[in-house]
Structures are given as structure tokens and as C-alpha cells.
$ cat data.cif   # mmCIF, C-alpha atoms
data_query
loop_
_atom_site.label_atom_id
_atom_site.label_comp_id
_atom_site.auth_asym_id
_atom_site.auth_seq_id
_atom_site.Cartn_x
_atom_site.Cartn_y
_atom_site.Cartn_z
CA MET A 1 70.26 47.00 135.19
CA LEU A 2 73.81 46.28 136.38
CA GLN A 3 74.38 49.96 137.12
CA ALA A 4 71.16 50.11 139.14
CA ILE A 5 72.27 47.13 141.24
CA LEU A 6 75.67 48.74 141.90
CA ASN A 7 74.03 52.02 142.88
CA SER A 8 71.70 50.17 145.24
CA ARG A 9 74.61 48.40 146.92
CA ARG A 10 76.49 51.68 147.33
CA TRP A 11 73.39 53.22 148.93
CA LEU A 12 73.00 50.35 151.38
CA HIS A 13 76.70 50.53 152.25
CA TRP A 14 76.43 54.27 152.91
CA VAL A 15 73.36 53.81 155.12
CA ALA A 16 75.09 51.07 157.09
CA CYS A 17 78.15 53.26 157.68
CA VAL A 18 76.04 56.21 158.84
CA SER A 19 74.10 53.93 161.19
CA LEU A 20 77.31 52.62 162.77
CA VAL A 21 78.68 56.14 163.28
CA CYS A 22 75.42 57.29 164.90
CA ALA A 23 75.29 54.25 167.15
CA ALA A 24 78.86 54.84 168.33
CA ALA A 25 78.15 58.52 169.03
CA CYS A 26 74.97 57.76 170.97
CA SER A 27 76.67 55.11 173.08
CA LYS A 28 79.18 57.69 174.34
CA LYS A 29 76.53 60.10 175.58
CA LYS A 30 75.25 57.90 178.40
CA PRO A 31 77.69 57.07 181.21
CA PRO A 32 77.87 53.46 182.33
CA ALA A 33 75.37 52.35 184.93
CA ASP A 34 76.70 52.04 188.48
CA THR A 35 75.50 48.67 189.69
CA THR A 36 76.96 48.88 193.20
CA SER A 37 74.16 48.60 195.76
CA VAL A 38 73.75 51.50 198.18
CA ASP A 39 74.39 49.16 201.10
CA GLN A 40 77.80 48.19 199.72
CA PRO A 41 80.81 50.53 199.43
CA HIS A 42 82.78 51.22 196.28
CA PRO A 43 86.46 50.26 196.38
CA PRO A 44 88.83 53.04 197.49
CA ASP A 45 89.84 55.56 194.82
CA ALA A 46 93.53 54.80 195.19
CA LEU A 47 96.34 56.91 193.77
CA PRO A 48 99.54 55.39 192.34
CA GLY A 49 102.28 54.81 194.86
CA VAL A 50 100.25 55.48 198.01
CA THR A 51 98.11 53.32 200.28
CA PRO A 52 94.50 54.23 201.14
CA LEU A 53 94.26 55.03 204.84
CA ALA A 54 90.60 55.92 205.36
CA THR A 55 87.43 56.25 203.30
CA LEU A 56 83.98 57.74 203.70
CA GLU A 57 81.15 57.14 201.25
CA ARG A 58 77.65 58.59 201.57
CA THR A 59 74.79 57.20 199.50
CA GLY A 60 71.47 58.54 198.35
CA CYS A 61 68.19 58.52 200.23
CA TYR A 62 64.54 59.22 199.51
CA GLY A 63 65.26 62.89 199.04
CA GLU A 64 68.26 65.06 198.21
CA CYS A 65 71.05 63.50 200.29
CA PRO A 66 74.47 64.26 198.78
CA VAL A 67 76.08 61.22 197.15
CA TYR A 68 79.88 61.24 197.18
CA ARG A 69 82.93 59.42 198.46
CA LEU A 70 86.31 60.39 199.90
CA THR A 71 89.53 58.39 199.95
CA VAL A 72 92.39 59.63 202.14
CA SER A 73 95.80 58.04 201.52
CA SER A 74 98.74 57.60 203.85
CA ASP A 75 100.53 60.67 202.44
CA GLY A 76 97.51 62.91 203.04
CA SER A 77 96.23 62.84 199.46
CA VAL A 78 92.44 63.01 199.16
CA VAL A 79 90.36 61.81 196.22
CA TYR A 80 86.82 63.17 196.14
CA VAL A 81 84.22 61.75 193.73
CA GLY A 82 80.85 63.52 193.67
CA THR A 83 77.92 61.71 192.08
CA ARG A 84 74.62 63.39 192.94
CA TRP A 85 73.18 66.36 194.90
CA VAL A 86 76.63 67.91 195.37
CA LYS A 87 78.13 71.24 194.36
CA VAL A 88 80.91 69.66 192.33
CA LEU A 89 80.34 66.51 190.28
CA GLY A 90 83.19 64.20 189.31
CA ARG A 91 86.68 63.74 190.66
CA GLN A 92 88.91 66.14 192.57
CA VAL A 93 92.33 65.47 194.13
CA TYR A 94 93.92 67.55 196.87
CA LYS A 95 96.10 67.11 199.95
CA LEU A 96 95.72 67.43 203.72
CA SER A 97 98.26 68.94 206.05
CA ASP A 98 100.13 66.70 208.47
CA ALA A 99 97.97 68.09 211.29
CA GLN A 100 94.75 67.23 209.46
CA LEU A 101 95.97 63.73 208.70
CA ALA A 102 96.91 63.16 212.35
CA GLU A 103 93.52 64.51 213.48
CA LEU A 104 91.69 62.14 211.15
CA GLN A 105 93.62 59.12 212.45
CA ALA A 106 92.97 60.20 216.04
CA ALA A 107 89.23 60.48 215.33
CA PHE A 108 89.09 56.81 214.29
CA GLU A 109 91.18 55.68 217.26
CA ARG A 110 89.15 57.73 219.72
CA ILE A 111 85.96 55.70 219.15
CA ASN A 112 87.85 52.39 218.92
CA PHE A 113 86.72 52.01 215.32
CA MET A 114 88.49 48.68 214.80
CA SER A 115 86.11 47.02 217.28
CA LEU A 116 82.86 48.24 215.69
CA ARG A 117 80.46 46.08 213.68
CA ASP A 118 78.13 46.90 210.82
CA PHE A 119 74.87 48.65 211.68
CA ASP A 120 72.72 47.61 208.75
CA ARG A 121 69.33 46.85 210.24
CA VAL A 122 66.56 48.65 208.35
CA GLU A 123 64.29 49.92 211.13
CA ASN A 124 63.37 53.16 209.35
CA THR A 125 63.08 53.24 205.58
CA ASP A 126 64.27 55.79 203.01
CA ASP A 127 67.40 56.76 204.96
CA ASP A 128 70.92 56.93 203.56
CA TRP A 129 74.04 54.85 204.21
CA ALA A 130 77.52 55.88 205.28
CA HIS A 131 80.42 53.51 204.66
CA LEU A 132 83.67 54.00 206.56
CA SER A 133 87.00 52.22 206.37
CA PHE A 134 90.27 52.63 208.24
CA ARG A 135 93.69 51.00 207.90
CA ARG A 136 95.88 50.29 210.91
CA GLY A 137 99.08 48.66 209.74
CA ALA A 138 98.14 45.64 207.65
CA GLN A 139 94.60 45.48 209.07
CA VAL A 140 91.69 47.17 207.29
CA LYS A 141 88.35 47.62 209.04
CA ARG A 142 85.12 48.52 207.20
CA VAL A 143 81.84 49.53 208.82
CA ARG A 144 78.54 49.93 206.98
CA HIS A 145 76.12 52.28 208.71
CA TYR A 146 72.47 52.58 207.73
CA HIS A 147 71.11 55.74 209.30
CA GLY A 148 67.80 53.99 209.93
CA ASP A 149 69.47 51.52 212.31
CA ASN A 150 68.64 52.85 215.78
CA ALA A 151 71.26 50.65 217.44
CA ALA A 152 74.17 52.58 215.91
CA PRO A 153 76.13 54.55 218.52
CA PRO A 154 76.09 58.36 218.21
CA SER A 155 79.89 58.28 218.11
CA LEU A 156 79.75 56.61 214.68
CA SER A 157 77.70 59.44 213.17
CA SER A 158 80.02 61.91 214.87
CA LEU A 159 83.01 60.23 213.25
CA GLU A 160 81.37 60.52 209.83
CA ASP A 161 80.79 64.24 210.40
CA ASP A 162 84.33 64.69 211.76
CA PHE A 163 85.68 63.03 208.62
CA ASP A 164 83.90 65.60 206.44
CA ARG A 165 85.01 68.48 208.64
CA ILE A 166 88.66 67.45 208.83
CA VAL A 167 89.08 66.90 205.09
CA GLU A 168 87.02 70.03 204.32
CA SER A 169 84.73 68.24 201.89
CA ALA A 170 82.15 71.05 202.13
CA ARG A 171 84.01 72.96 199.42
CA TYR A 172 82.86 70.30 196.95
CA VAL A 173 79.74 68.88 198.57
CA GLY A 174 78.22 72.23 199.53
CA ALA A 175 77.32 73.71 202.91
CA ALA A 176 74.52 75.87 204.26
CA ALA A 177 75.26 79.52 204.85
CA ALA A 178 74.37 81.26 208.11
CA THR A 179 70.99 82.29 206.69
CA GLY A 180 70.14 78.71 205.82
CA ALA A 181 70.65 79.31 202.12
CA VAL A 182 73.04 77.06 200.26
CA SER A 183 76.29 78.44 198.95
CA THR A 184 77.02 77.37 195.39
CA ALA A 185 79.79 79.85 194.61
CA PRO A 186 82.81 78.33 192.83
CA SER A 187 85.54 77.23 195.16
CA ALA A 188 89.00 78.76 194.94
CA GLY A 189 90.44 75.30 195.41
CA PRO A 190 91.47 73.36 198.52
CA ALA A 191 94.14 74.63 200.84
CA SER A 192 95.47 72.79 203.85
CA ASP A 193 95.50 75.96 205.98
CA ALA A 194 91.91 76.95 205.13
CA PRO A 195 89.48 77.20 208.08
CA ALA A 196 87.41 74.14 208.73
CA ALA A 197 83.80 74.06 207.61
CA PRO A 198 81.45 75.10 210.45
CA SER A 199 79.19 72.10 209.97
CA SER A 200 78.95 68.79 208.19
CA PRO A 201 77.81 69.05 204.57
CA HIS A 202 75.67 66.00 205.15
CA SER A 203 73.61 67.66 207.87
CA ALA A 204 73.27 70.99 206.09
CA GLY A 205 70.05 70.13 204.26
CA LYS A 206 69.90 70.57 200.48
CA PRO A 207 73.54 71.01 199.38
CA SER A 208 72.91 72.50 195.93
CA ASP A 209 70.70 72.48 192.88
CA ASN A 210 73.07 70.10 191.14
CA ALA A 211 71.10 66.89 191.09
CA GLY A 212 73.62 65.10 188.92
CA PRO A 213 72.65 62.33 186.51
CA PRO A 214 69.50 60.20 186.70
CA ASP A 215 69.46 57.50 189.35
CA ASP A 216 70.37 54.73 186.88
CA THR A 217 73.66 56.36 185.89
CA ALA A 218 76.70 57.65 187.74
CA ALA A 219 78.92 60.67 187.23
CA ASP A 220 81.88 58.49 188.02
CA PRO A 221 85.02 59.17 185.95
CA ASP A 222 86.65 56.02 187.31
CA ASN A 223 83.76 53.84 186.11
CA HIS A 224 83.56 51.77 189.25
CA PRO A 225 81.31 48.73 188.91
#
$ encode --input "data.cif" --output "C-alpha cells"
Amino acid sequence: MLQAILNSRRWLHWVACVSLVCAAACSKKKPPADTTSVDQPHPPDALPGVTPLATLERTGCYGECPVYRLTVSSDGSVVYVGTRWVKVLGRQVYKLSDAQLAELQAAFERINFMSLRDFDRVENTDDDWAHLSFRRGAQVKRVRHYHGDNAAPPSLSSLEDDFDRIVESARYVGAAAATGAVSTAPSAGPASDAPAAPSSPHSAGKPSDNAGPPDDTAADPDNHP
């Protein structure tokens, strides 16, 4: 009888250990949920030792809008994080040339970005959001733009597209070819002297067949809240 009790306890202990191991393994398979609302931007993806200068984040829509964000730092470093409907998921880091960095700053100054307000009125549903930020000295300005707000000036959408063009995000987001098909060929990697993309990846239609994770998760290696 004593031996039977001991064997039973060993069996229960073994089952408990296996259950704990399985639970730990399963918990690692699902990435953490991203609880940030689409109408609110994530914090900048800052790099050590440099200050974020400008950011662009595009959210999802009722369709296949590419979901990604870009953080450009004062030294020209760019952090790209692709989440959904993009050619490259996850995080990529590369660097702009001095000319590209100057062009990006001039694009913000040209439309007097620091004086803009949020355009967040939902007049048309199922559209996407674009969140922009820009630093001038110690002052940081953020503008939230819902593309269903008809009061938004065209210059704001142009700035969003210029941002993509200048930082050459199409290599990761995806861009339509001349035939209208979508190029999904692997990129050779960013280069500051590469020709600019002919059009904005956001306006190119379906960027790729890479839908990314389900809507309740995020392919976000930085695990932003």
C-alpha cells in the first residue's frame, strides 16, 4: 500500500511538471497584444544616444492598408517597424544621408507643421490614421490625422507621402510595379544613394501578401504597449 501511494505521488508530480513546461511553451508562441488604439501613436522607437527627430505611423483600415511606423533620429538613423500588410515584418534599422535628412526637415517646415492641429473628426468610416511628429529644438509637435476627416489640408497628406519617399520606406512596406503588380522581391538592403521610390507605398494599393499576425496581436519586437 505504501509503495502504491508513493508511485501515485510520483505520477502526479510528473504530470504537474509536464503541464508547467507545456504552459510555458504555449505562452511563448503568441506575441503580446498591442493595446494602443489606432487613433493614438506609439512612442518613438528611439535608439541609444540619439534624439528622435520625426516619426510617421500608419494604422490599419477596413481593408489591407499597410501598418508600420518610422522613427528618424537627429543623426539620420531610421527605425522601421512593420506590423501588418507590409513586405517586411518586424524591425529594421538603417541610415539616411545628410541630404535626405535635410530634405525631411525642410518638408516639415515647408507646411508650417508646428502650427497644425489634429484632424481627428470621423466623417467617413473605415479609413486609416497617420500620426506625425517633429522636433524643433526642445519643442515636439504631434499631429493625428484621420483620413476620413475632410477638413485636413492636402499638404498634410503630401507630407506623409513625402516622408515615405524621402526615407525610402517602400523597400520594406512594398510598392506597386509599373504594371500595377506588387513587388515582393527581397530587398538588397537600404542605401542612402539609392533612387527614391516613384510613389508612396501607402497609395500603391495592396502592398504584399504578407498580412502579418491576427488583428489582436502585433509583430512588434519592442513590445510597445
$ residues_around --input "data.cif" --residues "Phe108 in chain A" --least-positions-apart "4" --cutoff "12 Å" --atoms "all atoms listed in the file" --output "number ranges by chain"
A: 53-56, 101-104, 112-116, 132-136, 141-143, 155-163, 166
$ closest_residue --input "data.cif" --among "A:Val122, A:Val167, A:Cys65, A:Leu89" --to "His145 in chain A" --atoms "only C-alpha atoms"
A:Val122
$ atom_distance --input "data.cif" --atom1 "CA of Gln139 in chain A" --atom2 "CA of Pro153 in chain A"
22.6 Å
$ atom_distance --input "data.cif" --atom1 "CA of Gln92 in chain A" --atom2 "CA of Trp129 in chain A"
22.0 Å
$ atom_distance --input "data.cif" --atom1 "CA of Arg165 in chain A" --atom2 "CA of Thr35 in chain A"
29.0 Å
$ closest_residue --input "data.cif" --among "A:Tyr94, A:Tyr146, A:Phe119, A:Trp85" --to "Pro66 in chain A" --atoms "only C-alpha atoms"
A:Trp85
$ resolve_selection --input "data.cif" --expression "the PyMOL selection byres ((chain A and resi 71) around 6)" --output "list in words"
Pro44, Asp45, Thr55, Leu70, Val72, Val78 and Val79 of chain A
$ resolve_selection --input "data.cif" --expression "the PyMOL selection byres ((chain A and resi 40) around 9)" --output "compact mmCIF listing (two decimals) with C-alpha atoms, keeping the file's coordinate frame"
# COMPACT_ATOMS: atom_id res chain seq x y z
CA THR A 36 76.96 48.88 193.20
CA SER A 37 74.16 48.60 195.76
CA VAL A 38 73.75 51.50 198.18
CA ASP A 39 74.39 49.16 201.10
CA PRO A 41 80.81 50.53 199.43
CA HIS A 42 82.78 51.22 196.28
CA TRP A 129 74.04 54.85 204.21
CA HIS A 131 80.42 53.51 204.66
CA ARG A 144 78.54 49.93 206.98
$ residues_near_point --input "data.cif" --point "(82.8, 70.7, 192.7)" --cutoff "9 Å" --atoms "all atoms listed in the file" --output "PyMOL selection string"
chain A and resi 82+86-92+171-174+186-187
$ resolve_selection --input "data.cif" --expression "the PyMOL selection byres ((chain A and resi 60) around 10)" --output "list of chain:residue names"
A:Val38, A:Arg58, A:Thr59, A:Cys61, A:Tyr62, A:Gly63, A:Glu64, A:Cys65, A:Pro66, A:Val67, A:Tyr68, A:Thr83, A:Arg84, A:Trp85, A:Asp126, A:Asp127, A:Asp128, A:Trp129, A:Ala130, A:Asp215
